[in-house]
file target04.cif (mmCIF, C-alpha atoms)
data_model
loop_
_atom_site.label_atom_id
_atom_site.label_comp_id
_atom_site.auth_asym_id
_atom_site.auth_seq_id
_atom_site.Cartn_x
_atom_site.Cartn_y
_atom_site.Cartn_z
CA MET A 23 126.90 59.49 -284.44
CA ILE A 24 125.45 59.52 -287.91
CA ALA A 25 124.39 56.29 -289.59
CA SER A 26 126.83 55.29 -292.29
CA SER A 27 125.92 53.99 -295.72
CA ALA A 28 129.03 51.84 -295.88
CA GLY A 29 128.33 48.54 -297.57
CA LEU A 30 125.16 49.76 -299.26
CA ALA A 31 124.91 49.77 -303.04
CA ILE A 32 123.19 52.82 -304.47
CA THR A 33 121.13 52.31 -307.60
CA SER A 34 119.11 54.57 -309.83
CA LEU A 35 115.43 55.05 -309.19
CA GLY A 36 114.82 53.67 -312.64
CA ALA A 37 115.79 50.24 -311.34
CA SER A 38 112.75 50.21 -309.04
CA GLY A 39 110.21 50.19 -311.86
CA ALA A 40 109.18 46.63 -311.04
CA VAL A 41 107.96 47.65 -307.59
CA ALA A 42 104.16 47.64 -307.43
CA ALA A 43 102.66 51.13 -307.35
CA GLU A 44 100.96 50.56 -304.00
CA LYS A 45 104.31 49.73 -302.42
CA LYS A 46 106.17 52.81 -303.64
CA HIS A 47 106.60 55.59 -301.11
CA PRO A 48 108.34 58.53 -302.81
CA ILE A 49 110.13 61.00 -300.55
CA THR A 50 110.83 64.66 -301.24
CA ILE A 51 113.71 66.00 -299.15
CA ALA A 52 113.67 69.77 -298.69
CA VAL A 53 116.77 71.13 -296.99
CA THR A 54 116.45 74.61 -295.55
CA THR A 55 118.16 76.81 -292.95
CA ASP A 56 117.27 79.05 -290.05
CA PRO A 57 117.89 82.61 -291.34
CA ALA A 58 119.20 83.62 -287.90
CA LEU A 59 122.20 81.30 -288.32
CA PRO A 60 125.10 81.33 -290.81
CA LEU A 61 124.59 79.75 -294.23
CA PRO A 62 126.96 77.07 -295.56
CA ASN A 63 129.18 78.11 -298.44
CA ASP A 64 128.40 75.09 -300.63
CA ASN A 65 124.69 75.71 -301.35
CA GLY A 66 123.77 72.95 -298.96
CA ALA A 67 125.63 70.19 -300.82
CA ALA A 68 127.10 68.60 -297.67
CA TYR A 69 123.77 68.81 -295.84
CA ILE A 70 121.92 67.14 -298.71
CA ALA A 71 124.47 64.35 -299.14
CA GLU A 72 124.39 63.44 -295.44
CA ILE A 73 120.60 63.50 -295.20
CA LYS A 74 120.21 61.35 -298.33
CA LYS A 75 122.60 58.81 -296.88
CA SER A 76 120.67 58.57 -293.61
CA VAL A 77 117.22 58.47 -295.24
CA SER A 78 118.35 55.73 -297.63
CA ALA A 79 119.54 53.58 -294.72
CA ALA A 80 116.17 54.12 -293.00
CA ALA A 81 114.42 53.09 -296.22
CA GLU A 82 116.26 49.77 -296.16
CA LEU A 83 115.01 49.05 -292.66
CA TRP A 84 111.39 49.66 -293.62
CA SER A 85 111.69 47.49 -296.71
CA ASP A 86 112.83 44.66 -294.45
CA GLU A 87 110.39 45.24 -291.60
CA SER A 88 107.39 45.55 -293.93
CA ASP A 89 108.31 42.36 -295.79
CA GLY A 90 108.70 44.44 -298.94
CA ASN A 91 105.31 46.13 -298.61
CA VAL A 92 106.82 49.60 -298.14
CA GLU A 93 109.56 50.75 -300.51
CA PHE A 94 110.70 54.27 -299.68
CA SER A 95 112.71 56.04 -302.37
CA ILE A 96 114.11 59.53 -302.64
CA GLU A 97 112.29 61.18 -305.52
CA ALA A 98 113.67 64.72 -305.24
CA THR A 99 115.99 66.85 -303.13
CA ARG A 100 115.61 70.61 -302.99
CA TRP A 101 117.72 73.39 -301.44
CA VAL A 102 115.47 76.21 -300.16
CA PRO A 103 117.51 78.21 -297.63
CA GLY A 104 116.15 80.66 -295.09
CA LEU A 105 112.66 79.17 -294.56
CA GLY A 106 113.22 77.05 -291.46
CA THR A 107 113.44 77.53 -287.72
CA CYS A 108 115.36 75.69 -285.05
CA ASP A 109 112.97 76.37 -282.19
CA GLY A 110 110.18 78.60 -283.51
CA ASP A 111 106.88 77.92 -285.28
CA ARG A 112 107.69 74.79 -287.21
CA GLY A 113 104.16 74.54 -288.56
CA HIS A 114 104.60 77.82 -290.42
CA ALA A 115 108.10 76.84 -291.55
CA ARG A 116 106.83 73.51 -292.82
CA SER A 117 104.10 75.26 -294.78
CA GLU A 118 106.54 77.73 -296.35
CA VAL A 119 108.94 74.99 -297.37
CA SER A 120 106.10 72.90 -298.76
CA LYS A 121 104.94 75.76 -300.96
CA ALA A 122 108.49 76.58 -302.05
CA VAL A 123 109.16 73.06 -303.34
CA GLY A 124 105.63 72.54 -304.69
CA PHE A 125 104.91 69.52 -302.52
CA THR A 126 101.33 68.30 -302.52
CA GLY A 127 100.52 65.60 -300.01
CA GLY A 128 98.74 62.42 -300.96
CA PRO A 129 98.73 58.65 -300.50
CA ARG A 130 102.21 57.27 -299.83
CA LYS A 131 103.84 60.67 -300.47
CA HIS A 132 106.32 61.93 -297.88
CA LEU A 133 108.00 65.26 -297.26
CA ILE A 134 111.12 65.59 -295.13
CA VAL A 135 112.00 69.14 -294.05
CA ALA A 136 115.50 69.33 -292.57
CA VAL A 137 116.89 72.60 -291.17
CA GLY A 138 120.54 71.90 -291.85
CA ASN A 139 122.21 74.64 -289.81
CA CYS A 140 120.44 73.82 -286.52
CA THR A 141 122.56 72.06 -283.92
CA GLY A 142 119.79 69.75 -282.77
CA GLY A 143 116.25 69.56 -281.42
CA SER A 144 113.18 67.35 -281.51
CA ALA A 145 112.10 65.91 -284.84
CA THR A 146 108.44 65.25 -285.55
CA GLY A 147 106.45 62.91 -287.77
CA SER A 148 102.69 62.49 -288.09
CA VAL A 149 100.86 59.41 -286.87
CA THR A 150 98.41 58.88 -289.69
CA SER A 151 95.52 56.50 -290.33
CA GLY A 152 97.78 53.87 -291.85
CA PRO A 153 100.77 52.99 -294.03
CA ASP A 154 99.31 54.50 -297.20
CA SER A 155 98.47 57.95 -295.82
CA GLY A 156 101.79 59.70 -296.45
CA GLY A 157 102.95 62.50 -294.18
CA ALA A 158 105.56 65.06 -293.27
CA ILE A 159 108.68 65.04 -291.10
CA TYR A 160 110.39 68.09 -289.63
CA VAL A 161 113.98 67.80 -288.41
CA PRO A 162 115.89 70.74 -286.85
CA GLY A 163 119.35 69.62 -287.88
CA LEU A 164 120.58 66.88 -290.19
CA GLY A 165 119.07 64.01 -288.25
CA SER A 166 120.40 60.47 -288.48
CA GLY A 167 119.36 57.15 -289.93
CA GLY A 168 117.76 56.05 -286.66
CA THR A 169 115.82 59.30 -286.40
CA TYR A 170 114.47 59.12 -289.95
CA ALA A 171 113.51 55.47 -289.47
CA HIS A 172 111.51 56.40 -286.35
CA GLU A 173 109.77 59.40 -287.92
CA LEU A 174 108.94 57.55 -291.13
CA GLY A 175 107.35 54.97 -288.82
CA HIS A 176 104.99 57.69 -287.59
CA ASN A 177 104.12 58.52 -291.21
CA LEU A 178 103.26 54.84 -291.67
CA GLY A 179 100.77 55.08 -288.80
CA PHE A 180 102.76 53.80 -285.82
CA GLY A 181 102.74 55.43 -282.41
CA HIS A 182 105.48 54.90 -279.84
CA ALA A 183 106.94 51.76 -278.28
CA GLY A 184 106.95 52.03 -274.51
CA VAL A 185 107.10 50.10 -271.24
CA LEU A 186 104.24 49.18 -268.92
CA VAL A 187 105.10 50.04 -265.30
CA CYS A 188 102.65 48.68 -262.75
CA PRO A 189 102.70 48.98 -258.92
CA ASP A 190 104.67 46.45 -256.90
CA GLY A 191 103.11 43.01 -257.04
CA ILE A 192 101.37 43.63 -260.36
CA VAL A 193 102.85 42.67 -263.71
CA ASP A 194 99.98 43.38 -266.08
CA GLY A 195 97.14 45.80 -265.52
CA SER A 196 95.23 48.80 -266.78
CA LEU A 197 96.89 52.17 -267.23
CA THR A 198 95.95 55.35 -265.38
CA ALA A 199 93.36 57.85 -266.55
CA ASP A 200 96.15 59.80 -268.25
CA TRP A 201 96.18 56.98 -270.78
CA GLY A 202 92.41 56.73 -271.06
CA GLU A 203 92.07 53.74 -268.74
CA LYS A 204 91.04 53.33 -265.10
CA GLY A 205 93.91 51.40 -263.59
CA SER A 206 97.03 52.12 -261.57
CA CYS A 207 99.77 51.28 -264.09
CA LYS A 208 101.89 53.93 -265.77
CA GLY A 209 103.50 53.98 -269.17
CA SER A 210 106.98 55.05 -270.19
CA GLU A 211 106.00 56.16 -273.69
CA TYR A 212 109.40 55.75 -275.35
CA GLY A 213 110.82 53.14 -273.00
CA ASP A 214 111.08 50.19 -275.38
CA ALA A 215 114.56 50.85 -276.75
CA TRP A 216 114.40 47.56 -278.69
CA ASP A 217 111.79 48.83 -281.15
CA VAL A 218 112.31 51.36 -283.93
CA GLN A 219 109.39 53.34 -282.47
CA GLY A 220 110.97 53.54 -279.02
CA ALA A 221 113.73 55.85 -277.82
CA THR A 222 116.12 56.38 -280.67
CA ARG A 223 119.80 55.63 -280.88
CA SER A 224 121.02 57.59 -283.86
CA TRP A 225 123.38 54.92 -285.10
CA MET A 226 121.07 51.93 -284.72
CA PHE A 227 118.29 50.50 -286.86
CA LYS A 228 116.08 48.42 -284.60
CA PRO A 229 113.28 46.07 -285.72
CA LEU A 230 109.57 46.79 -285.58
CA SER A 231 108.02 44.60 -282.90
CA SER A 232 105.68 41.75 -283.80
CA PRO A 233 102.31 43.33 -282.86
CA ASN A 234 102.47 45.95 -285.60
CA ARG A 235 103.90 43.55 -288.17
CA ILE A 236 101.07 41.11 -287.45
CA ARG A 237 98.40 43.82 -287.46
CA LEU A 238 99.38 45.03 -290.93
CA GLY A 239 99.95 41.60 -292.44
CA TRP A 240 103.69 42.25 -292.73
CA LEU A 241 104.35 39.01 -290.87
CA PRO A 242 102.80 36.15 -292.89
CA ALA A 243 100.30 33.95 -291.08
CA ASP A 244 102.64 30.97 -291.11
CA ARG A 245 105.26 32.97 -289.19
CA TYR A 246 103.24 33.37 -285.98
CA GLU A 247 100.98 31.21 -283.82
CA VAL A 248 97.51 32.38 -282.76
CA VAL A 249 96.38 31.13 -279.35
CA LYS A 250 92.85 31.94 -278.26
CA GLY A 251 89.90 30.28 -276.62
CA ALA A 252 89.27 28.76 -273.22
CA GLY A 253 91.05 25.78 -271.72
CA VAL A 254 94.15 25.97 -273.93
CA ASN A 255 97.33 24.14 -272.90
CA GLN A 256 99.79 24.44 -275.77
CA LYS A 257 103.53 24.35 -276.33
CA VAL A 258 105.03 26.65 -278.95
CA THR A 259 108.65 27.11 -280.01
CA ILE A 260 109.66 30.42 -281.57
CA ARG A 261 112.87 31.56 -283.20
CA SER A 262 114.55 34.96 -282.90
CA ARG A 263 112.21 37.71 -284.05
CA ASP A 264 114.41 38.89 -286.93
CA ASN A 265 114.72 35.38 -288.35
CA GLU A 266 113.71 34.91 -291.97
CA SER A 267 111.97 31.55 -291.57
CA GLY A 268 109.92 29.60 -289.07
CA LEU A 269 107.69 30.79 -286.23
CA VAL A 270 108.91 34.05 -284.69
CA ALA A 271 105.92 35.24 -282.65
CA VAL A 272 102.80 34.24 -280.74
CA GLN A 273 99.53 36.17 -280.50
CA ALA A 274 97.71 35.01 -277.36
CA THR A 275 94.39 36.27 -276.00
CA ASP A 276 93.15 36.22 -272.41
CA PRO A 277 89.61 34.79 -272.77
CA THR A 278 88.42 36.50 -269.59
CA THR A 279 89.17 40.03 -270.81
CA GLY A 280 89.72 39.76 -274.55
CA ARG A 281 93.10 41.48 -274.15
CA THR A 282 95.71 40.21 -276.58
CA PHE A 283 99.42 39.80 -275.90
CA TYR A 284 102.29 39.19 -278.28
CA VAL A 285 105.39 37.13 -277.58
CA GLU A 286 108.69 37.30 -279.45
CA LEU A 287 112.32 36.39 -278.83
CA SER A 288 115.19 38.86 -279.03
CA GLN A 289 118.67 37.44 -279.53
CA PRO A 290 121.98 39.15 -280.49
CA VAL A 291 121.58 38.41 -284.20
CA ASP A 292 120.57 40.41 -287.29
CA ARG A 293 119.12 43.82 -286.39
CA ASP A 294 119.06 42.91 -282.69
CA LYS A 295 122.82 42.45 -282.64
CA GLY A 296 124.57 45.06 -280.52
CA ILE A 297 121.43 46.53 -278.97
CA GLU A 298 122.57 45.63 -275.48
CA ASP A 299 125.36 44.01 -273.54
CA PRO A 300 124.54 40.36 -272.76
CA ASP A 301 124.25 41.19 -269.06
CA GLY A 302 121.88 44.07 -269.70
CA ARG A 303 121.85 47.54 -268.28
CA ILE A 304 119.61 49.11 -265.66
CA THR A 305 117.56 52.18 -266.56
CA GLU A 306 114.77 53.98 -264.71
CA ALA A 307 111.28 54.88 -265.86
CA GLU A 308 108.19 56.00 -263.94
CA GLY A 309 109.95 55.30 -260.64
CA ALA A 310 110.89 51.72 -261.56
CA LYS A 311 114.31 50.19 -262.16
CA LEU A 312 114.35 48.22 -265.40
CA ARG A 313 117.00 45.89 -266.78
CA ARG A 314 117.44 45.58 -270.51
CA GLY A 315 118.70 42.39 -272.09
CA TYR A 316 118.05 39.62 -274.59
CA GLY A 317 115.25 37.15 -274.01
CA VAL A 318 111.52 36.63 -274.44
CA ARG A 319 109.56 39.84 -274.93
CA ILE A 320 105.86 40.14 -274.03
CA LEU A 321 103.96 43.10 -275.48
CA ARG A 322 100.45 44.56 -275.77
CA TYR A 323 98.73 47.45 -277.47
CA VAL A 324 97.68 50.68 -275.75
CA GLY A 325 95.85 53.82 -276.77
CA LYS A 326 94.34 53.88 -280.25
CA GLY A 327 95.93 50.58 -281.19
CA THR A 328 99.06 51.98 -282.83
CA SER A 329 101.35 52.16 -279.78
CA THR A 330 102.83 49.14 -278.04
CA MET A 331 104.22 48.50 -274.57
CA VAL A 332 106.57 45.79 -273.44
CA VAL A 333 105.56 44.08 -270.18
CA PRO A 334 108.43 43.68 -267.67
CA THR A 335 108.77 41.01 -265.01
CA ALA A 336 107.96 41.58 -261.36
CA ALA A 337 110.75 43.15 -259.32
CA GLY A 338 113.41 40.79 -258.03
CA SER A 339 115.06 40.89 -254.62
CA ASP A 340 117.19 43.79 -255.87
CA GLY A 341 114.09 45.78 -256.81
CA VAL A 342 114.85 45.55 -260.52
CA ARG A 343 112.34 44.43 -263.15
CA LYS A 344 113.53 42.87 -266.38
CA LEU A 345 112.27 43.93 -269.80
CA TYR A 346 112.69 40.34 -270.95
CA TRP A 347 111.56 36.99 -269.58
CA SER A 348 113.95 34.12 -268.93
CA ALA A 349 113.62 30.34 -268.83
CA GLY A 350 111.71 29.22 -265.76
CA GLU A 351 109.68 32.43 -265.45
CA THR A 352 105.92 32.65 -266.01
CA PHE A 353 103.82 35.61 -267.06
CA GLU A 354 100.23 35.65 -265.84
CA THR A 355 97.60 38.29 -266.52
CA THR A 356 96.00 40.06 -263.56
CA GLU A 357 92.76 38.17 -264.11
CA ALA A 358 94.71 34.88 -264.41
CA GLY A 359 93.04 34.15 -267.72
CA LEU A 360 96.35 33.72 -269.58
CA ARG A 361 99.64 32.14 -268.52
CA ILE A 362 102.83 32.13 -270.57
CA GLU A 363 105.61 29.96 -269.16
CA ILE A 364 109.09 30.23 -270.65
CA VAL A 365 110.11 26.59 -270.64
CA SER A 366 113.51 27.08 -272.28
CA ASN A 367 115.55 29.65 -274.16
CA ASP A 368 118.63 28.30 -275.86
CA GLY A 369 120.10 27.66 -279.27
CA GLY A 370 118.44 30.72 -280.78
CA GLN A 371 114.91 29.61 -279.92
CA ALA A 372 112.51 29.66 -276.97
CA THR A 373 109.89 27.11 -276.02
CA LEU A 374 106.74 28.45 -274.38
CA ARG A 375 103.84 26.75 -272.64
CA ILE A 376 100.70 28.83 -273.07
CA GLY A 377 97.55 28.18 -271.08
CA THR A 378 94.19 29.89 -270.76
CA THR A 379 91.49 29.59 -268.14
CA ALA A 380 88.66 27.12 -268.68
CA ASP A 381 86.11 29.92 -268.32
CA GLY A 382 83.97 30.86 -271.33
CA GLU A 383 85.67 32.80 -274.09
CA GLU A 384 84.81 36.41 -274.84
CA PRO A 385 85.09 37.80 -278.39
CA LEU A 386 88.60 38.66 -279.57
CA ARG A 387 89.17 42.40 -279.37
CA ALA A 388 91.19 43.71 -282.28
CA PRO A 389 93.31 46.87 -281.78
CA ALA A 390 91.29 50.01 -282.35
CA PRO A 391 92.05 51.78 -285.64
CA ALA A 392 94.23 54.87 -285.59
CA VAL A 393 92.39 58.18 -285.47
CA ALA A 394 93.52 60.61 -288.15
CA GLY A 395 93.21 64.38 -287.89
CA LEU A 396 94.60 64.78 -284.39
CA ASP A 397 97.73 66.79 -283.67
CA GLU A 398 99.39 66.15 -280.37
CA ASP A 399 102.79 67.64 -279.53
CA THR A 400 105.09 65.70 -277.27
CA PRO A 401 108.39 67.12 -275.99
CA ALA A 402 111.81 65.94 -277.06
CA HIS A 403 112.75 62.61 -275.60
CA GLY A 404 115.57 60.14 -275.48
CA ASP A 405 117.40 57.79 -273.19
CA ALA A 406 119.23 60.09 -270.79
CA GLY A 407 122.40 58.71 -269.32
CA ASP A 408 122.95 56.01 -271.93
CA PRO A 409 126.61 56.16 -272.98
CA ALA A 410 125.67 54.62 -276.32
CA ASP A 411 123.30 57.50 -277.00
CA THR A 412 125.74 60.39 -276.80
CA ALA A 413 124.82 61.50 -280.31
CA THR A 414 121.18 62.16 -279.46
CA ALA A 415 119.99 65.48 -278.07
CA ASP A 416 118.49 63.97 -274.94
CA PRO A 417 116.94 66.28 -272.35
CA ALA A 418 117.88 66.30 -268.70
CA PRO A 419 116.49 63.31 -266.76
CA ALA A 420 113.74 65.39 -265.17
CA ALA A 421 112.57 66.70 -268.52
CA ASP A 422 112.78 63.21 -269.99
CA ALA A 423 110.55 61.80 -267.27
CA ALA A 424 107.99 64.51 -267.90
CA ALA A 425 108.10 63.80 -271.60
CA GLU A 426 107.00 60.22 -271.12
CA LYS A 427 103.35 61.11 -270.50
CA PRO A 428 101.01 61.78 -273.39
CA THR A 429 99.96 65.41 -273.65
CA ASP A 430 96.52 66.80 -274.18
CA THR A 431 95.24 66.56 -277.73
CA THR A 432 95.11 69.82 -279.64
CA THR A 433 94.15 70.70 -283.18
CA GLU A 434 96.74 72.22 -285.45
CA ALA A 435 95.75 74.56 -288.29
CA SER A 436 95.82 72.89 -291.68
CA THR A 437 98.95 73.37 -293.72
CA PRO A 438 98.54 74.29 -297.40
CA ASN A 439 99.79 71.70 -299.88
CA LEU A 440 100.82 69.36 -297.10
CA ALA A 441 99.41 66.12 -295.77
CA SER A 442 99.47 67.33 -292.19
CA SER A 443 96.67 65.34 -290.57
CA GLY A 444 97.90 63.05 -287.86
CA THR A 445 99.58 63.18 -284.50
CA ASP A 446 102.85 65.05 -284.26
CA LEU A 447 105.27 63.05 -282.16
CA SER A 448 108.82 63.99 -281.30
CA ILE A 449 112.18 62.36 -281.01
CA GLY A 450 115.50 63.88 -279.95
CA VAL A 451 118.12 64.34 -282.63
CA LEU A 452 121.43 66.08 -283.03
CA GLY A 453 122.32 67.96 -286.19
CA LEU A 454 125.88 67.16 -287.16
CA VAL A 455 127.45 68.64 -290.26
CA LEU A 456 129.31 65.85 -292.02
CA VAL A 457 130.39 65.84 -295.61
CA GLY A 458 129.00 62.92 -297.59
CA ALA A 459 129.16 61.88 -301.19
CA GLY A 460 126.54 61.34 -303.83
CA ALA A 461 123.92 63.39 -305.63
CA GLY A 462 120.70 62.94 -307.54
CA ALA A 463 117.66 60.82 -306.77
CA PHE A 464 118.48 57.34 -305.55
CA MET A 465 117.21 54.45 -303.49
CA ILE A 466 118.83 51.58 -301.65
CA GLY A 467 120.01 48.53 -303.53
CA ARG A 468 121.07 46.11 -300.81
CA SER A 469 124.43 44.44 -301.20
CA ARG A 470 123.12 41.49 -299.18
CA LEU A 471 120.32 39.20 -300.27
CA VAL A 472 116.85 40.72 -300.19
CA ARG A 473 115.07 39.39 -297.13
CA THR A 474 111.66 37.84 -297.71
CA ARG A 475 110.95 36.96 -294.04
CA ARG A 476 109.26 33.74 -295.13
#
call {"tool": "encode", "arguments": {"input": "target04.cif", "output": "structure tokens"}}
result
Amino acid sequence: MIASSAGLAITSLGASGAVAAEKKHPITIAVTTDPALPLPNDNGAAYIAEIKKSVSAAAELWSDESDGNVEFSIEATRWVPGLGTCDGDRGHARSEVSKAVGFTGGPRKHLIVAVGNCTGGSATGSVTSGPDSGGAIYVPGLGSGGTYAHELGHNLGFGHAGVLVCPDGIVDGSLTADWGEKGSCKGSEYGDAWDVQGATRSWMFKPLSSPNRIRLGWLPADRYEVVKGAGVNQKVTIRSRDNESGLVAVQATDPTTGRTFYVELSQPVDRDKGIEDPDGRITEAEGAKLRRGYGVRILRYVGKGTSTMVVPTAAGSDGVRKLYWSAGETFETTEAGLRIEIVSNDGGQATLRIGTTADGEEPLRAPAPAVAGLDEDTPAHGDAGDPADTATADPAPAADAAAEKPTDTTTEASTPNLASSGTDLSIGVLGLVLVGAGAGAFMIGRSRLVRTRR
């Protein structure tokens, strides 16, 4: 499925003049083709219209999730046929397209290269040093709103949203050496399907989880509770994570290890509406059975501090772990330095009791900064077997499982006139040729009230 722009009001770029310069993120869309495949007979008009529609919908999501700190707008669209590739050297193709349209990378500048006549493949974005770095996206096909939202997230400096999978009897622990740690837990890199940086669903625009919003200051300080120190025994009530007022998250630190966890509540409202059936659905990752559903989410950072992982419950009598925590359940870190009890979850809010050990507090460890200049290819990924995901080009289950491990870091040759530093990360997409309407540079003007998240 392709994200629709129904209900969205399109306004001229001139109307965005009041947006502060540091919040503007202009996008150049370059639509090309693979010369080995037939050309469209309309000079790419249908391709361009559909891509603009999807990118504009993705721009609306990031305006909301950043609390207005990131305002993507389409500055230019160019038709440069015959320079792309569906499955060949995309680095070379990206360079050729960049030169053809005269794109020069820089702060907050973004290039989207879409190869319109491909039938699908893995899109890539670059994990940069932060939201102001700019970057490039390569999409073999037309992509979708969900795909562009995910890849623009990489350009803003975010990694992937995954799931922590520990051995039986362990809920929280260190990851294996593959992830740069010395523990026994594994990570399903794209497994958090409730985060825009997790496995994509082409038709859905999912929120950005609380850790990244807190880290970048996109969630104001009065919207989340900070719990740290020894001997804490505190009750906190949070509202659904996409709520526009009140407390929506907790940042709690285990004083024995300095590891920080984030707690939020997912309910079937706002952008969380329709993500899952109320009773959940069982998926598999890294040999574990996992049930999705609405409830309290507990997350932590991994890697360079740009990727998150949701922490599931221990396995029940049926061998299934839940990706959400319910009333009456208690999360406890392996070292027992932090306990989070879900006292209640009703009426659109959850009450938590958070306690820390009485042992001496260690310094709070902030997430490590992202490392720019690394290029790391990961295979196509998705959520194989999900009937809601039939529009994504998901690999076979075996290939999907293999894709969930980080690959070795390699260095990619620099691309002329292109901000190419960063980590190339992939997401499965399907190129569908749909005729859309509209032309010229435009950005989203929301028909609903602008959300301030305060």
call {"tool": "resolve_selection", "arguments": {"input": "target04.cif", "expression": "the PyMOL selection byres ((chain A and resi 240) around 12)", "output": "NGL selection string"}}
result
:A and (84-92 or 153 or 230-239 or 241-246 or 474-476)
call {"tool": "resolve_selection", "arguments": {"input": "target04.cif", "expression": "the PyMOL selection byres ((chain A and resi 317) around 12)", "output": "PyMOL selection string"}}
result
chain A and resi 216+260-263+285-290+294+298+300-302+313-316+318-320+334-335+344-351+364+366-373
call {"tool": "write_last_selection", "arguments": {"input": "target04.cif", "atoms": "C-alpha atoms", "output": "mmCIF file, keeping the file's coordinate frame"}}
result
data_model
loop_
_atom_site.group_PDB
_atom_site.id
_atom_site.type_symbol
_atom_site.label_atom_id
_atom_site.label_comp_id
_atom_site.auth_asym_id
_atom_site.auth_seq_id
_atom_site.Cartn_x
_atom_site.Cartn_y
_atom_site.Cartn_z
ATOM 1 C CA TRP A 216 114.400 47.560 -278.690
ATOM 2 C CA ILE A 260 109.660 30.420 -281.570
ATOM 3 C CA ARG A 261 112.870 31.560 -283.200
ATOM 4 C CA SER A 262 114.550 34.960 -282.900
ATOM 5 C CA ARG A 263 112.210 37.710 -284.050
ATOM 6 C CA VAL A 285 105.390 37.130 -277.580
ATOM 7 C CA GLU A 286 108.690 37.300 -279.450
ATOM 8 C CA LEU A 287 112.320 36.390 -278.830
ATOM 9 C CA SER A 288 115.190 38.860 -279.030
ATOM 10 C CA GLN A 289 118.670 37.440 -279.530
ATOM 11 C CA PRO A 290 121.980 39.150 -280.490
ATOM 12 C CA ASP A 294 119.060 42.910 -282.690
ATOM 13 C CA GLU A 298 122.570 45.630 -275.480
ATOM 14 C CA PRO A 300 124.540 40.360 -272.760
ATOM 15 C CA ASP A 301 124.250 41.190 -269.060
ATOM 16 C CA GLY A 302 121.880 44.070 -269.700
ATOM 17 C CA ARG A 313 117.000 45.890 -266.780
ATOM 18 C CA ARG A 314 117.440 45.580 -270.510
ATOM 19 C CA GLY A 315 118.700 42.390 -272.090
ATOM 20 C CA TYR A 316 118.050 39.620 -274.590
ATOM 21 C CA VAL A 318 111.520 36.630 -274.440
ATOM 22 C CA ARG A 319 109.560 39.840 -274.930
ATOM 23 C CA ILE A 320 105.860 40.140 -274.030
ATOM 24 C CA PRO A 334 108.430 43.680 -267.670
ATOM 25 C CA THR A 335 108.770 41.010 -265.010
ATOM 26 C CA LYS A 344 113.530 42.870 -266.380
ATOM 27 C CA LEU A 345 112.270 43.930 -269.800
ATOM 28 C CA TYR A 346 112.690 40.340 -270.950
ATOM 29 C CA TRP A 347 111.560 36.990 -269.580
ATOM 30 C CA SER A 348 113.950 34.120 -268.930
ATOM 31 C CA ALA A 349 113.620 30.340 -268.830
ATOM 32 C CA GLY A 350 111.710 29.220 -265.760
ATOM 33 C CA GLU A 351 109.680 32.430 -265.450
ATOM 34 C CA ILE A 364 109.090 30.230 -270.650
ATOM 35 C CA SER A 366 113.510 27.080 -272.280
ATOM 36 C CA ASN A 367 115.550 29.650 -274.160
ATOM 37 C CA ASP A 368 118.630 28.300 -275.860
ATOM 38 C CA GLY A 369 120.100 27.660 -279.270
ATOM 39 C CA GLY A 370 118.440 30.720 -280.780
ATOM 40 C CA GLN A 371 114.910 29.610 -279.920
ATOM 41 C CA ALA A 372 112.510 29.660 -276.970
ATOM 42 C CA THR A 373 109.890 27.110 -276.020
#
call {"tool": "residues_around", "arguments": {"input": "target04.cif", "residues": "A:Gly104", "least_positions_apart": "5", "cutoff": "8 Å", "atoms": "only C-alpha atoms", "output": "ChimeraX atom specification"}}
result
/A:54-57
call {"tool": "residues_near_point", "arguments": {"input": "target04.cif", "point": "(103.7, 44.2, -276.1)", "cutoff": "9 Å", "atoms": "all atoms listed in the file", "output": "PDB file with C-alpha atoms, in the frame of the given file"}}
result
ATOM      1  CA  ALA A 183     106.940  51.760-278.280  1.00  0.00           C
ATOM      2  CA  GLY A 184     106.950  52.030-274.510  1.00  0.00           C
ATOM      3  CA  VAL A 185     107.100  50.100-271.240  1.00  0.00           C
ATOM      4  CA  LEU A 186     104.240  49.180-268.920  1.00  0.00           C
ATOM      5  CA  SER A 231     108.020  44.600-282.900  1.00  0.00           C
ATOM      6  CA  SER A 232     105.680  41.750-283.800  1.00  0.00           C
ATOM      7  CA  PRO A 233     102.310  43.330-282.860  1.00  0.00           C
ATOM      8  CA  THR A 282      95.710  40.210-276.580  1.00  0.00           C
ATOM      9  CA  PHE A 283      99.420  39.800-275.900  1.00  0.00           C
ATOM     10  CA  TYR A 284     102.290  39.190-278.280  1.00  0.00           C
ATOM     11  CA  VAL A 285     105.390  37.130-277.580  1.00  0.00           C
ATOM     12  CA  ARG A 319     109.560  39.840-274.930  1.00  0.00           C
ATOM     13  CA  ILE A 320     105.860  40.140-274.030  1.00  0.00           C
ATOM     14  CA  LEU A 321     103.960  43.100-275.480  1.00  0.00           C
ATOM     15  CA  ARG A 322     100.450  44.560-275.770  1.00  0.00           C
ATOM     16  CA  TYR A 323      98.730  47.450-277.470  1.00  0.00           C
ATOM     17  CA  VAL A 324      97.680  50.680-275.750  1.00  0.00           C
ATOM     18  CA  THR A 330     102.830  49.140-278.040  1.00  0.00           C
ATOM     19  CA  MET A 331     104.220  48.500-274.570  1.00  0.00           C
ATOM     20  CA  VAL A 332     106.570  45.790-273.440  1.00  0.00           C
ATOM     21  CA  VAL A 333     105.560  44.080-270.180  1.00  0.00           C
TER      22      VAL A 333
END
call {"tool": "closest_residue", "arguments": {"input": "target04.cif", "among": "A:Thr126, A:Ser267, A:Gln219, A:Ser196", "to": "A:Thr169", "atoms": "all atoms listed in the file"}}
result
A:Gln219
